[in-house]
file model26.txt (compact mmCIF, C-alpha atoms)
# COMPACT_ATOMS: atom_id res chain seq x y z
CA MET A 167 100.36 36.56 35.71
CA ILE A 168 101.47 39.16 38.19
CA ASP A 169 104.72 40.71 37.14
CA GLN A 170 106.69 43.91 37.26
CA ALA A 171 104.74 45.45 34.40
CA ALA A 172 101.56 44.97 36.44
CA ALA A 173 103.29 46.53 39.42
CA THR A 174 104.32 49.52 37.35
CA ARG A 175 100.75 49.97 36.14
CA ALA A 176 99.55 49.81 39.75
CA THR A 177 101.94 52.55 40.81
CA GLN A 178 100.58 54.73 38.03
CA GLU A 179 96.96 54.06 38.89
CA VAL A 180 97.38 54.41 42.67
CA PRO A 181 99.40 57.61 42.72
CA SER A 182 100.49 57.74 46.36
CA ILE A 183 102.51 54.46 46.38
CA PRO A 184 106.01 55.10 47.77
CA ARG A 185 108.34 54.65 44.81
CA ASP A 186 111.60 55.54 43.17
CA ALA A 187 112.43 55.85 39.48
CA ASP A 188 112.08 52.09 38.91
CA GLY A 189 108.86 51.42 40.79
CA PRO A 190 107.59 50.75 44.28
CA VAL A 191 109.89 50.63 47.31
CA PHE A 192 109.15 48.92 50.62
CA ARG A 193 110.39 49.56 54.13
CA GLU A 194 109.75 46.04 55.37
CA PRO A 195 109.17 42.65 53.75
CA TRP A 196 105.51 42.48 54.80
CA GLU A 197 104.80 45.67 52.86
CA ALA A 198 105.94 43.97 49.67
CA GLN A 199 103.74 40.99 50.57
CA ALA A 200 100.68 43.17 51.06
CA PHE A 201 101.42 44.93 47.79
CA ALA A 202 101.84 41.63 45.90
CA MET A 203 98.56 40.23 47.27
CA THR A 204 96.73 43.36 46.14
CA LEU A 205 98.25 43.00 42.70
CA ALA A 206 97.16 39.36 42.52
CA LEU A 207 93.59 40.18 43.55
CA HIS A 208 93.45 42.95 40.98
CA GLU A 209 94.67 40.52 38.30
CA ARG A 210 91.88 38.16 39.34
CA GLY A 211 89.46 40.97 38.69
CA LEU A 212 88.30 41.33 42.29
CA PHE A 213 88.55 45.11 42.02
CA THR A 214 89.70 47.84 39.65
CA TRP A 215 92.54 50.19 40.49
CA SER A 216 90.17 53.13 40.85
CA GLU A 217 88.12 51.08 43.29
CA TRP A 218 91.29 50.23 45.19
CA ALA A 219 92.50 53.83 45.21
CA ALA A 220 89.14 54.92 46.65
CA ALA A 221 89.23 52.23 49.36
CA LEU A 222 92.78 53.18 50.32
CA ALA A 223 92.00 56.92 50.35
CA LYS A 224 89.03 56.26 52.61
CA GLN A 225 91.18 54.24 55.00
CA ILE A 226 93.84 56.95 55.10
CA LYS A 227 91.22 59.63 55.79
CA ARG A 228 89.77 57.54 58.60
CA ALA A 229 93.25 57.10 60.12
CA GLN A 230 94.02 60.79 59.86
CA ALA A 231 90.76 61.64 61.58
CA ALA A 232 91.87 59.27 64.35
CA GLY A 233 95.15 61.14 64.72
CA ASP A 234 97.54 59.33 62.37
CA PRO A 235 100.58 61.61 61.90
CA ASP A 236 100.59 60.92 58.15
CA THR A 237 104.35 60.85 57.84
CA GLY A 238 104.36 58.18 55.16
CA GLU A 239 105.68 55.56 57.55
CA THR A 240 102.21 54.22 58.15
CA TYR A 241 101.26 54.08 54.47
CA TYR A 242 101.27 50.30 54.23
CA SER A 243 99.45 49.90 57.55
CA HIS A 244 96.60 51.76 55.91
CA TRP A 245 97.09 49.65 52.82
CA LEU A 246 96.74 46.45 54.82
CA ALA A 247 93.66 47.68 56.69
CA ALA A 248 92.06 48.77 53.41
CA LEU A 249 92.83 45.37 51.85
CA GLU A 250 91.32 43.49 54.80
CA LYS A 251 88.20 45.62 54.57
CA LEU A 252 87.87 45.29 50.81
CA VAL A 253 88.16 41.49 50.79
CA ALA A 254 85.52 41.43 53.54
CA ASP A 255 83.24 43.77 51.56
CA LYS A 256 83.68 41.55 48.49
CA GLY A 257 82.65 38.51 50.49
CA VAL A 258 86.02 36.79 50.06
CA ALA A 259 87.05 36.63 53.71
CA THR A 260 85.11 37.89 56.68
CA GLU A 261 86.73 39.84 59.45
CA ALA A 262 86.02 36.91 61.79
CA ILE A 263 87.87 34.41 59.57
CA LEU A 264 90.86 36.73 59.25
CA HIS A 265 90.92 37.21 62.98
CA ARG A 266 90.75 33.48 63.68
CA THR A 267 93.54 32.81 61.22
CA ARG A 268 95.65 35.54 62.76
CA ASP A 269 95.21 33.92 66.18
CA ALA A 270 96.11 30.54 64.70
CA TRP A 271 99.38 31.95 63.34
CA ASP A 272 100.09 33.46 66.74
CA HIS A 273 99.55 30.05 68.29
CA ALA A 274 101.77 28.40 65.67
CA CYS A 275 104.55 30.86 66.52
CA ASP A 276 104.26 30.11 70.22
CA ARG A 277 104.63 26.37 69.77
CA THR A 278 107.36 26.57 67.12
CA PRO A 279 110.89 26.51 68.51
CA HIS A 280 113.08 29.24 67.14
CA GLY A 281 114.84 28.13 63.97
CA LYS A 282 112.08 25.82 62.77
CA PRO A 283 109.68 26.67 59.98
CA ILE A 284 106.43 28.11 61.31
CA GLU A 285 103.57 26.11 59.86
CA LEU A 286 99.87 26.18 60.57
CA CYS A 287 98.09 23.01 61.63
CA ALA A 288 94.47 22.26 62.47
CA ASP A 289 95.18 22.41 66.21
CA ASP A 290 96.22 26.05 65.93
CA PHE A 291 92.60 26.93 65.20
CA ARG A 292 91.29 25.49 68.45
CA MET B 18 110.17 27.84 79.52
CA SER B 19 107.38 27.65 82.01
CA GLY B 20 105.33 30.58 80.77
CA HIS B 21 103.81 30.79 84.23
CA ASP B 22 103.11 34.49 83.94
CA GLY B 23 101.02 33.97 80.86
CA HIS B 24 103.41 36.06 78.81
CA HIS B 25 104.12 34.36 75.50
CA HIS B 26 107.10 36.24 74.24
CA ASP B 27 110.00 34.30 75.59
CA HIS B 28 113.02 33.90 73.40
CA ASP B 29 112.90 30.19 72.71
CA HIS B 30 110.13 30.21 70.15
CA SER B 31 109.38 32.02 66.95
CA GLU B 32 107.97 35.49 66.82
CA LEU B 33 106.03 37.52 64.34
CA THR B 34 104.88 41.08 64.81
CA GLU B 35 101.18 41.90 64.98
CA THR B 36 101.28 43.21 61.42
CA GLU B 37 103.14 40.15 60.15
CA LEU B 38 100.49 37.94 61.75
CA ARG B 39 97.74 39.82 59.93
CA VAL B 40 99.57 39.62 56.61
CA ARG B 41 100.09 35.88 57.04
CA ALA B 42 96.46 35.40 57.97
CA LEU B 43 95.31 37.26 54.88
CA GLU B 44 97.64 35.28 52.65
CA THR B 45 96.51 31.99 54.20
CA VAL B 46 92.83 32.71 53.68
CA LEU B 47 93.29 34.06 50.16
CA THR B 48 95.41 31.02 49.26
CA GLU B 49 92.87 28.56 50.65
CA LYS B 50 90.17 30.21 48.62
CA GLY B 51 92.29 30.09 45.51
CA TYR B 52 92.65 33.83 45.07
CA VAL B 53 96.41 33.97 45.34
CA ASP B 54 99.27 31.59 44.68
CA PRO B 55 102.06 31.93 47.26
CA ALA B 56 104.71 30.92 44.72
CA ALA B 57 103.58 33.66 42.33
CA LEU B 58 103.62 36.19 45.19
CA ASP B 59 107.14 35.16 46.16
CA LEU B 60 108.27 35.49 42.58
CA LEU B 61 106.96 39.03 42.33
CA ILE B 62 108.37 40.00 45.70
CA GLU B 63 111.76 38.65 44.70
CA THR B 64 111.90 41.14 41.83
CA TYR B 65 111.85 43.83 44.54
CA GLU B 66 114.68 42.23 46.45
CA LYS B 67 116.73 45.41 46.25
CA LYS B 68 113.78 47.65 47.09
CA VAL B 69 112.98 46.31 50.54
CA GLY B 70 114.61 47.70 53.65
CA PRO B 71 117.66 49.92 53.87
CA ARG B 72 120.29 47.22 53.09
CA ASN B 73 122.85 48.70 55.41
CA GLY B 74 124.92 45.54 55.22
CA ALA B 75 126.69 46.50 52.01
CA ARG B 76 127.78 49.79 53.59
CA VAL B 77 128.98 47.95 56.70
CA VAL B 78 131.05 45.53 54.63
CA ALA B 79 132.49 48.28 52.43
CA LYS B 80 133.53 50.27 55.48
CA ALA B 81 135.15 47.20 57.01
CA TRP B 82 137.13 46.69 53.81
CA ALA B 83 138.23 50.31 53.61
CA ASP B 84 138.84 51.10 57.27
CA PRO B 85 140.96 48.64 59.30
CA ALA B 86 139.97 50.21 62.64
CA TYR B 87 136.29 49.83 61.79
CA ARG B 88 136.88 46.25 60.65
CA ALA B 89 138.47 45.48 64.03
CA ARG B 90 135.52 47.00 65.90
CA LEU B 91 133.04 45.12 63.70
CA LEU B 92 134.66 41.74 64.24
CA LYS B 93 135.01 42.34 67.96
CA ASP B 94 131.44 43.45 68.57
CA ALA B 95 129.30 43.95 65.51
CA THR B 96 126.15 45.36 67.09
CA PRO B 97 127.61 48.77 68.13
CA ALA B 98 129.80 48.90 65.01
CA ILE B 99 126.73 48.53 62.80
CA GLY B 100 124.96 51.04 65.03
CA GLU B 101 127.62 53.59 64.13
CA LEU B 102 126.17 53.62 60.63
CA GLY B 103 122.72 54.33 61.93
CA TYR B 104 121.31 50.84 62.02
CA ALA B 105 119.80 49.84 65.33
CA GLY B 106 118.36 46.38 65.53
CA ARG B 107 115.36 45.24 67.48
CA GLN B 108 115.71 45.07 71.19
CA GLY B 109 117.82 42.14 72.28
CA GLU B 110 119.11 41.53 68.81
CA HIS B 111 122.76 40.82 68.60
CA ILE B 112 124.67 40.67 65.35
CA VAL B 113 127.90 38.78 64.92
CA ALA B 114 130.13 39.53 61.93
CA LEU B 115 131.88 36.54 60.39
CA GLU B 116 134.88 37.29 58.24
CA ASN B 117 135.49 35.14 55.20
CA THR B 118 139.11 34.44 54.41
CA PRO B 119 140.89 32.17 51.91
CA LYS B 120 141.09 29.65 54.76
CA GLN B 121 137.52 29.79 56.02
CA HIS B 122 134.26 30.45 54.25
CA ASN B 123 131.24 31.19 56.43
CA MET B 124 127.72 30.50 55.35
CA VAL B 125 124.54 31.26 57.28
CA VAL B 126 121.32 29.33 57.41
CA CYS B 127 118.47 31.18 58.95
CA THR B 128 114.91 30.64 59.91
CA LEU B 129 111.46 31.41 58.70
CA CYS B 130 110.43 33.85 61.37
CA SER B 131 111.31 37.50 61.84
CA CYS B 132 114.83 36.70 62.88
CA TYR B 133 116.25 37.27 59.42
CA PRO B 134 118.12 40.60 59.72
CA TRP B 135 116.50 42.29 56.72
CA PRO B 136 117.39 45.84 57.80
CA VAL B 137 120.98 44.81 57.20
CA LEU B 138 120.64 42.31 54.38
CA GLY B 139 117.49 43.31 52.55
CA LEU B 140 114.83 40.81 51.58
CA PRO B 141 115.61 37.13 52.11
CA PRO B 142 115.71 35.14 48.89
CA VAL B 143 112.83 32.71 48.41
CA TRP B 144 115.05 29.63 48.30
CA TYR B 145 116.60 30.65 51.60
CA LYS B 146 113.32 30.07 53.38
CA SER B 147 112.91 26.53 52.11
CA ALA B 148 113.42 23.54 54.37
CA PRO B 149 115.52 21.66 51.75
CA TYR B 150 118.00 24.54 51.66
CA ARG B 151 118.35 24.51 55.41
CA SER B 152 118.99 20.82 55.73
CA ARG B 153 121.22 20.56 52.67
CA ALA B 154 123.29 23.56 53.70
CA VAL B 155 124.19 21.74 56.88
CA ALA B 156 124.79 18.31 55.31
CA ASP B 157 126.44 19.39 52.07
CA PRO B 158 127.50 23.04 52.10
CA ARG B 159 129.91 22.59 49.19
CA GLY B 160 127.11 21.17 47.07
CA VAL B 161 124.79 24.05 47.93
CA LEU B 162 127.52 26.53 47.06
CA ALA B 163 128.10 24.76 43.75
CA ASP B 164 124.39 25.21 42.98
CA PHE B 165 124.97 28.93 43.35
CA GLY B 166 127.96 28.76 41.04
CA VAL B 167 130.49 29.14 43.82
CA THR B 168 133.43 26.79 43.85
CA LEU B 169 135.91 27.21 46.65
CA PRO B 170 139.41 25.77 46.80
CA LYS B 171 139.51 22.32 48.43
CA ASP B 172 141.56 23.58 51.35
CA THR B 173 139.02 26.28 52.28
CA ASP B 174 137.04 25.19 55.31
CA ILE B 175 133.33 25.84 55.12
CA ARG B 176 131.55 26.64 58.31
CA VAL B 177 127.76 26.78 58.52
CA TRP B 178 126.11 28.99 61.14
CA ASP B 179 122.54 28.76 62.32
CA SER B 180 121.06 31.84 63.89
CA THR B 181 119.58 31.61 67.34
CA ALA B 182 116.91 33.74 68.92
CA GLU B 183 119.51 36.22 70.09
CA ILE B 184 122.19 36.03 67.44
CA ARG B 185 122.04 37.04 63.78
CA TYR B 186 125.00 36.71 61.49
CA LEU B 187 126.48 38.98 58.88
CA VAL B 188 129.15 37.50 56.62
CA VAL B 189 131.95 39.84 55.58
CA PRO B 190 133.01 38.50 52.17
CA VAL B 191 136.58 38.52 50.92
CA ARG B 192 137.47 41.86 49.36
CA PRO B 193 137.97 41.40 45.62
CA ALA B 194 141.44 41.98 44.18
CA GLY B 195 142.03 45.10 42.15
CA THR B 196 140.01 47.39 44.38
CA ASP B 197 142.83 49.22 46.17
CA GLY B 198 141.99 52.82 46.90
CA TRP B 199 138.30 52.46 46.03
CA SER B 200 135.83 54.64 47.89
CA GLU B 201 133.37 53.01 50.30
CA ASP B 202 130.51 53.90 47.96
CA LYS B 203 132.15 52.14 45.08
CA LEU B 204 133.10 49.15 47.23
CA ALA B 205 129.51 48.83 48.46
CA ASP B 206 128.39 48.17 44.89
CA LEU B 207 130.44 44.96 44.96
CA VAL B 208 128.64 43.61 48.02
CA THR B 209 125.68 41.43 47.14
CA ARG B 210 123.08 40.08 49.50
CA ASP B 211 124.18 36.52 48.77
CA SER B 212 127.77 37.40 49.64
CA MET B 213 126.57 38.56 53.08
CA ILE B 214 124.78 35.25 53.64
CA GLY B 215 127.77 33.35 52.38
CA THR B 216 126.03 31.71 49.43
CA GLY B 217 127.89 33.96 47.06
CA LEU B 218 131.09 35.94 46.73
CA ALA B 219 131.48 39.68 46.34
CA LYS B 220 131.36 40.90 42.74
CA GLN B 221 134.59 41.45 40.87
CA PRO B 222 135.48 44.92 39.55
CA LYS B 223 134.81 43.74 35.99
CA ASP B 224 131.25 42.75 36.97
CA ILE B 225 130.28 46.32 37.68
CA ALA B 226 132.31 48.01 34.92
CA LYS B 227 129.87 49.74 32.63
call {"tool": "encode", "arguments": {"input": "model26.txt", "output": "structure tokens"}}
result
Amino acid sequence: MIDQAAATRATQEVPSIPRDADGPVFREPWEAQAFAMTLALHERGLFTWSEWAAALAKQIKRAQAAGDPDTGETYYSHWLAALEKLVADKGVATEAILHRTRDAWDHACDRTPHGKPIELCADDFR
Amino acid sequence: MSGHDGHHHDHDHSELTETELRVRALETVLTEKGYVDPAALDLLIETYEKKVGPRNGARVVAKAWADPAYRARLLKDATPAIGELGYAGRQGEHIVALENTPKQHNMVVCTLCSCYPWPVLGLPPVWYKSAPYRSRAVADPRGVLADFGVTLPKDTDIRVWDSTAEIRYLVVPVRPAGTDGWSEDKLADLVTRDSMIGTGLAKQPKDIAK
């Protein structure tokens, strides 16, 4: 069960998470989604928090070396990249599958009139 | 749209940003493999409802309540009025403010893509994204409101608005009685997300009394 207590533990174990007195804060909805997925995978035992913190730190270092301004605004971009890499390393989802699924969502958006729910269908993968 | 130039981003279909596409892809794959449950994710995310985005909407509404000149500017052309408070929407985004009155209650149904104006309203509630909510809100708005514990007088008209690619709506709820002379900060505490979608009313002073 992922809940707020788990989220609080995560913010303690991964010290750089943007937060206020009550817990994590997010600039955009997708950041909260990425955070929640990480929490769920941790609950499933896919990785420990120290493993996650190391993966995230590595990703941030790599981005800084590539010229990331490190203003905090890109924190969850690094988070997402680290999560994609870690699930690939763990053999859960390869980079190729993620990429194909991303393209399928892009296709689904293109064929979905504005105002209708965006849903994936088999054709989007072609 | 012909799309003859090969450019996909017209305004008549849904759009997600590159990052949103990647997040959706990850969630899809993890869900298919049984690693995450979207409903459980939504539930967790909902607990952070007030922690996502700047929620400028409450400040906009409070200012409209407190400052008649601002209210007039907001109702005439909301985009620049909201911009005065430092919120600039995405390019091409136009916000229309709908004022609730004892005669007319406005309620917004929105879509599942990025068109929901979260910088103004904060995170959309989970139920808001569901297809049943959308269709029922149009067919039976009074019933949907009743589900949220809102009962309006019989002679209040209810108008349902559906956002388009270019227009997002912000509902300005009725200012609660007993708030004369309140500061904008204090007024903003009365403005809930649901009241700015029109599925709720602003809080009453007694609701926030400690």
call {"tool": "atom_distance", "arguments": {"input": "model26.txt", "atom1": "CA of Glu197 in chain A", "atom2": "CA of Tyr242 in chain A"}}
result
6.0 Å
call {"tool": "closest_residue", "arguments": {"input": "model26.txt", "among": "B:Ala79, B:Val69, B:Leu204, B:Leu60", "to": "chain A", "atoms": "all atoms listed in the file"}}
result
B:Val69
call {"tool": "atom_distance", "arguments": {"input": "model26.txt", "atom1": "CA of Pro119 in chain B", "atom2": "CA of Thr173 in chain B"}}
result
6.2 Å
call {"tool": "residues_around", "arguments": {"input": "model26.txt", "residues": "range 101-104 of chain B", "least_positions_apart": "6", "cutoff": "10 Å", "atoms": "all atoms listed in the file", "output": "ChimeraX atom specification"}}
result
/B:71-74,76-77,80,87,95,136-137
call {"tool": "atom_distance", "arguments": {"input": "model26.txt", "atom1": "CA of Val180 in chain A", "atom2": "CA of Glu250 in chain A"}}
result
17.4 Å
call {"tool": "residues_near_point", "arguments": {"input": "model26.txt", "point": "(102.8, 39.7, 50.5)", "cutoff": "8 Å", "atoms": "only C-alpha atoms", "output": "NGL selection string"}}
result
(:A and (195-203)) or (:B and (40 or 44 or 58-59 or 62))
call {"tool": "decode", "arguments": {"input": "model26.txt", "residues": "range 228-240 of chain A", "atoms": "N, CA, C and O atoms", "output": "mmCIF file, in the first residue's frame"}}
result
data_model
loop_
_atom_site.group_PDB
_atom_site.id
_atom_site.type_symbol
_atom_site.label_atom_id
_atom_site.label_comp_id
_atom_site.auth_asym_id
_atom_site.auth_seq_id
_atom_site.Cartn_x
_atom_site.Cartn_y
_atom_site.Cartn_z
ATOM 1 N N ARG A 228 25.478 13.379 -14.152
ATOM 2 C CA ARG A 228 25.619 13.272 -15.607
ATOM 3 C C ARG A 228 25.036 14.531 -16.261
ATOM 4 O O ARG A 228 25.622 15.106 -17.180
ATOM 5 N N ALA A 229 23.877 14.981 -15.790
ATOM 6 C CA ALA A 229 23.227 16.154 -16.365
ATOM 7 C C ALA A 229 24.057 17.410 -16.124
ATOM 8 O O ALA A 229 24.187 18.257 -17.003
ATOM 9 N N GLN A 230 24.623 17.501 -14.937
ATOM 10 C CA GLN A 230 25.446 18.677 -14.629
ATOM 11 C C GLN A 230 26.684 18.724 -15.521
ATOM 12 O O GLN A 230 27.062 19.781 -15.999
ATOM 13 N N ALA A 231 27.261 17.556 -15.735
ATOM 14 C CA ALA A 231 28.432 17.483 -16.615
ATOM 15 C C ALA A 231 28.068 17.930 -18.025
ATOM 16 O O ALA A 231 28.877 18.496 -18.755
ATOM 17 N N ALA A 232 26.776 17.688 -18.390
ATOM 18 C CA ALA A 232 26.316 18.069 -19.723
ATOM 19 C C ALA A 232 25.795 19.505 -19.754
ATOM 20 O O ALA A 232 25.204 19.937 -20.741
ATOM 21 N N GLY A 233 25.964 20.228 -18.646
ATOM 22 C CA GLY A 233 25.622 21.647 -18.651
ATOM 23 C C GLY A 233 24.273 22.005 -18.039
ATOM 24 O O GLY A 233 23.772 23.102 -18.236
ATOM 25 N N ASP A 234 23.657 21.082 -17.293
ATOM 26 C CA ASP A 234 22.398 21.413 -16.634
ATOM 27 C C ASP A 234 22.646 22.510 -15.594
ATOM 28 O O ASP A 234 23.594 22.441 -14.817
ATOM 29 N N PRO A 235 21.813 23.576 -15.604
ATOM 30 C CA PRO A 235 22.058 24.709 -14.710
ATOM 31 C C PRO A 235 21.855 24.371 -13.234
ATOM 32 O O PRO A 235 22.271 25.138 -12.367
ATOM 33 N N ASP A 236 21.205 23.248 -12.931
ATOM 34 C CA ASP A 236 21.040 22.821 -11.553
ATOM 35 C C ASP A 236 20.342 23.868 -10.690
ATOM 36 O O ASP A 236 20.788 24.221 -9.607
ATOM 37 N N THR A 237 19.234 24.377 -11.201
ATOM 38 C CA THR A 237 18.500 25.385 -10.453
ATOM 39 C C THR A 237 17.388 24.768 -9.609
ATOM 40 O O THR A 237 16.675 25.467 -8.909
ATOM 41 N N GLY A 238 17.225 23.458 -9.706
ATOM 42 C CA GLY A 238 16.134 22.816 -8.974
ATOM 43 C C GLY A 238 14.917 22.602 -9.860
ATOM 44 O O GLY A 238 14.109 21.719 -9.615
ATOM 45 N N GLU A 239 14.810 23.401 -10.907
ATOM 46 C CA GLU A 239 13.645 23.266 -11.780
ATOM 47 C C GLU A 239 13.660 21.978 -12.577
ATOM 48 O O GLU A 239 12.635 21.502 -13.049
ATOM 49 N N THR A 240 14.859 21.450 -12.770
ATOM 50 C CA THR A 240 14.974 20.248 -13.592
ATOM 51 C C THR A 240 15.042 18.978 -12.739
ATOM 52 O O THR A 240 15.240 17.892 -13.257
#
